[in-house]
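This report refers to the structure that appears directly beneath it.
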Amino acid sequence: MSRPPAKPLLVAFALAAVAELVCVAVGSRTGQLVAKPLLMPLLAAYVAARGGPRLLVAALLLGWGGDVLLLVPADAAFLAGMGCFAAGHLCYLTLFGRRRTRVDLAVGYGLVLVVALVLLWPGLPAELRVPVAVYSLLLAAMAYRASGLGPLAGAGGALFLLSDTLIATDVAEWPQPPAAGLWIMLTYLAAQALLTAGVVHAGTGLSPTEGSPAARTARPVHD
């Protein structure tokens, strides 16, 4: 069975992303309820249409679960959403495998993780401290391992870490910059788009068990 064309799905994702950002900027809750749930399914559909790795599709759909759950203003929904994103990061980590990465980046991400947790810890609700710490460790590991796939995925991992750190400062009740919600959503969308682009563009270098049938027969691309 032939796949649907990929380009219209990517265009639809871009339009939904613009709509979501506009809704966040103007404070339209109704608009966000419509636009936000469309984002990751459209990006996942694009990956599937390109014959991309199933793990990437899974990571994006888990991101969709997190997006939807975070629309619900409840602590239980926040924790469940964080769990969805954590599972998505595990998909990314499995997808990235053990590619060569820079030691200085490992040190840098480690320092960022420790400093962020030390500074945020006192302001976090007691019941969220351990889940946030575990999630942050997983997120930092994903961001670091993404760099092994190339600059696109590496930038996506870094932006994902930045986006979620901005969320954590809000949870810890730090003073927020102007249009904080817009910056959070902008960095998140850029992160997922760059991670997707990095994986799709390096698709022939993925493990044969991760990619499409075409990727399984392609010659590996070296970093």
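Residue numbering restarts at 1 in every chain; chains get A, B, ... in the order shown in the structure tokens, and ligands count up from 1 in that same order.
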
### Query
Contacts of range 57-68 of chain A at 9 Å or less, counting only C-alpha atoms, minus same-chain residues fewer than 3 places along, as a ChimeraX atom specification?
/A:33,36-41,43-45,47-48,52-54,71-72,77-78,80-92,192,196

Under the rule of at most 8 Å, produce a per-residue listing of range 43-132 of chain A near range 170-179 of chain A: chain, number, name, the closest pair of atoms, and the distance in Å, as JSON lines, using only C-alpha atoms.
{"residue": "A:Leu120", "atom": "CA", "partner": "A:Ala172", "partner_atom": "CA", "distance": 6.2}
{"residue": "A:Trp121", "atom": "CA", "partner": "A:Ala172", "partner_atom": "CA", "distance": 7.8}
{"residue": "A:Pro122", "atom": "CA", "partner": "A:Ala172", "partner_atom": "CA", "distance": 7.8}
{"residue": "A:Gly123", "atom": "CA", "partner": "A:Ala172", "partner_atom": "CA", "distance": 4.3}
{"residue": "A:Leu124", "atom": "CA", "partner": "A:Ala172", "partner_atom": "CA", "distance": 4.5}
{"residue": "A:Pro125", "atom": "CA", "partner": "A:Ala172", "partner_atom": "CA", "distance": 7.3}

Just-selected residues, N, CA, C and O atoms written as a PDB file, in the first residue's frame:
ATOM      1  N   LEU A 120      16.301  24.949  41.495  1.00  0.00           N
ATOM      2  CA  LEU A 120      14.852  24.782  41.453  1.00  0.00           C
ATOM      3  C   LEU A 120      14.290  24.010  42.640  1.00  0.00           C
ATOM      4  O   LEU A 120      13.119  24.183  42.995  1.00  0.00           O
ATOM      5  N   TRP A 121      15.088  23.161  43.239  1.00  0.00           N
ATOM      6  CA  TRP A 121      14.616  22.220  44.269  1.00  0.00           C
ATOM      7  C   TRP A 121      13.797  22.882  45.384  1.00  0.00           C
ATOM      8  O   TRP A 121      12.698  22.409  45.711  1.00  0.00           O
ATOM      9  N   PRO A 122      14.287  23.977  45.983  1.00  0.00           N
ATOM     10  CA  PRO A 122      13.511  24.560  47.099  1.00  0.00           C
ATOM     11  C   PRO A 122      12.122  25.034  46.702  1.00  0.00           C
ATOM     12  O   PRO A 122      11.199  25.031  47.522  1.00  0.00           O
ATOM     13  N   GLY A 123      11.944  25.460  45.447  1.00  0.00           N
ATOM     14  CA  GLY A 123      10.659  26.002  45.035  1.00  0.00           C
ATOM     15  C   GLY A 123       9.696  24.970  44.499  1.00  0.00           C
ATOM     16  O   GLY A 123       8.508  25.276  44.304  1.00  0.00           O
ATOM     17  N   LEU A 124      10.165  23.750  44.246  1.00  0.00           N
ATOM     18  CA  LEU A 124       9.287  22.717  43.703  1.00  0.00           C
ATOM     19  C   LEU A 124       8.392  22.148  44.797  1.00  0.00           C
ATOM     20  O   LEU A 124       8.849  21.955  45.937  1.00  0.00           O
ATOM     21  N   PRO A 125       7.128  21.865  44.503  1.00  0.00           N
ATOM     22  CA  PRO A 125       6.276  21.170  45.481  1.00  0.00           C
ATOM     23  C   PRO A 125       6.914  19.847  45.885  1.00  0.00           C
ATOM     24  O   PRO A 125       7.528  19.164  45.053  1.00  0.00           O
TER      25      PRO A 125
END

### Message
List as a PyMOL selection string the protein and nucleic acid residues near Pro8 in chain A, meaning an atom at most 10 Å away when only C-alpha atoms are counted, but skip any in the same chain fewer than 6 places from it.
### Response
chain A and resi 14+42+46

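Distances to Phe160 in chain A were evaluated for A:Leu194, A:Val103, A:Leu137, A:Val24 using only C-alpha atoms, and the minimum falls at A:Leu194.
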
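Straight-line separation from CA of Ala143 in chain A to CA of Ala158 in chain A: 5.5 Å.
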
### Task
Excluding Val22 in chain A and residues on its chain fewer than 2 positions from it, collect all residues at most 12 Å away from it, counting only C-alpha atoms, and give them as a PyMOL selection string.
chain A and resi 15-20+24-32+35-36+179+181-183+185-186

### Query
Hey, can you check how far CA of Leu111 in chain A sits from CA of Ala155 in chain A?
17.7 Å

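Each of A:Arg3, A:Gly148, A:Ala12, A:Leu162 was compared to Gly198 in chain A using only C-alpha atoms, and A:Gly148 turns out to be the nearest.
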
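CA of Arg99 in chain A sits 13.4 Å away from CA of Gly203 in chain A.
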
### Message
I'd like the contact shell of Ser136 in chain A - 10 Å cut-off, only C-alpha atoms, skipping same-chain residues fewer than 6 positions apart - returned as a PyMOL selection string.
### Response
chain A and resi 86+113-114+116-117+130+142+161+164-165+168

### Message
Considering only helix (DSSP H, G or I) as DSSP defines it on the backbone, what residues of range 46-103 of chain A qualify? List them as number ranges by chain.
### Response
A: 46-49, 54-69, 75-96, 103

### Message
Between A:Leu55, A:Thr187, A:Phe13, A:Gly108, which residue has the minimum interatomic distance to Thr94 in chain A, considering only C-alpha atoms?
### Response
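Looking at the shortest contact to Thr94 in chain A, the residue is A:Leu55.
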
### Nearest to Leu10 in chain A, chosen from A:Leu69, A:Ala202, A:Ala106, A:Ala193, with only C-alpha atoms counted in the distances
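Once distances to Leu10 in chain A are computed over only C-alpha atoms, the minimum belongs to A:Ala193.
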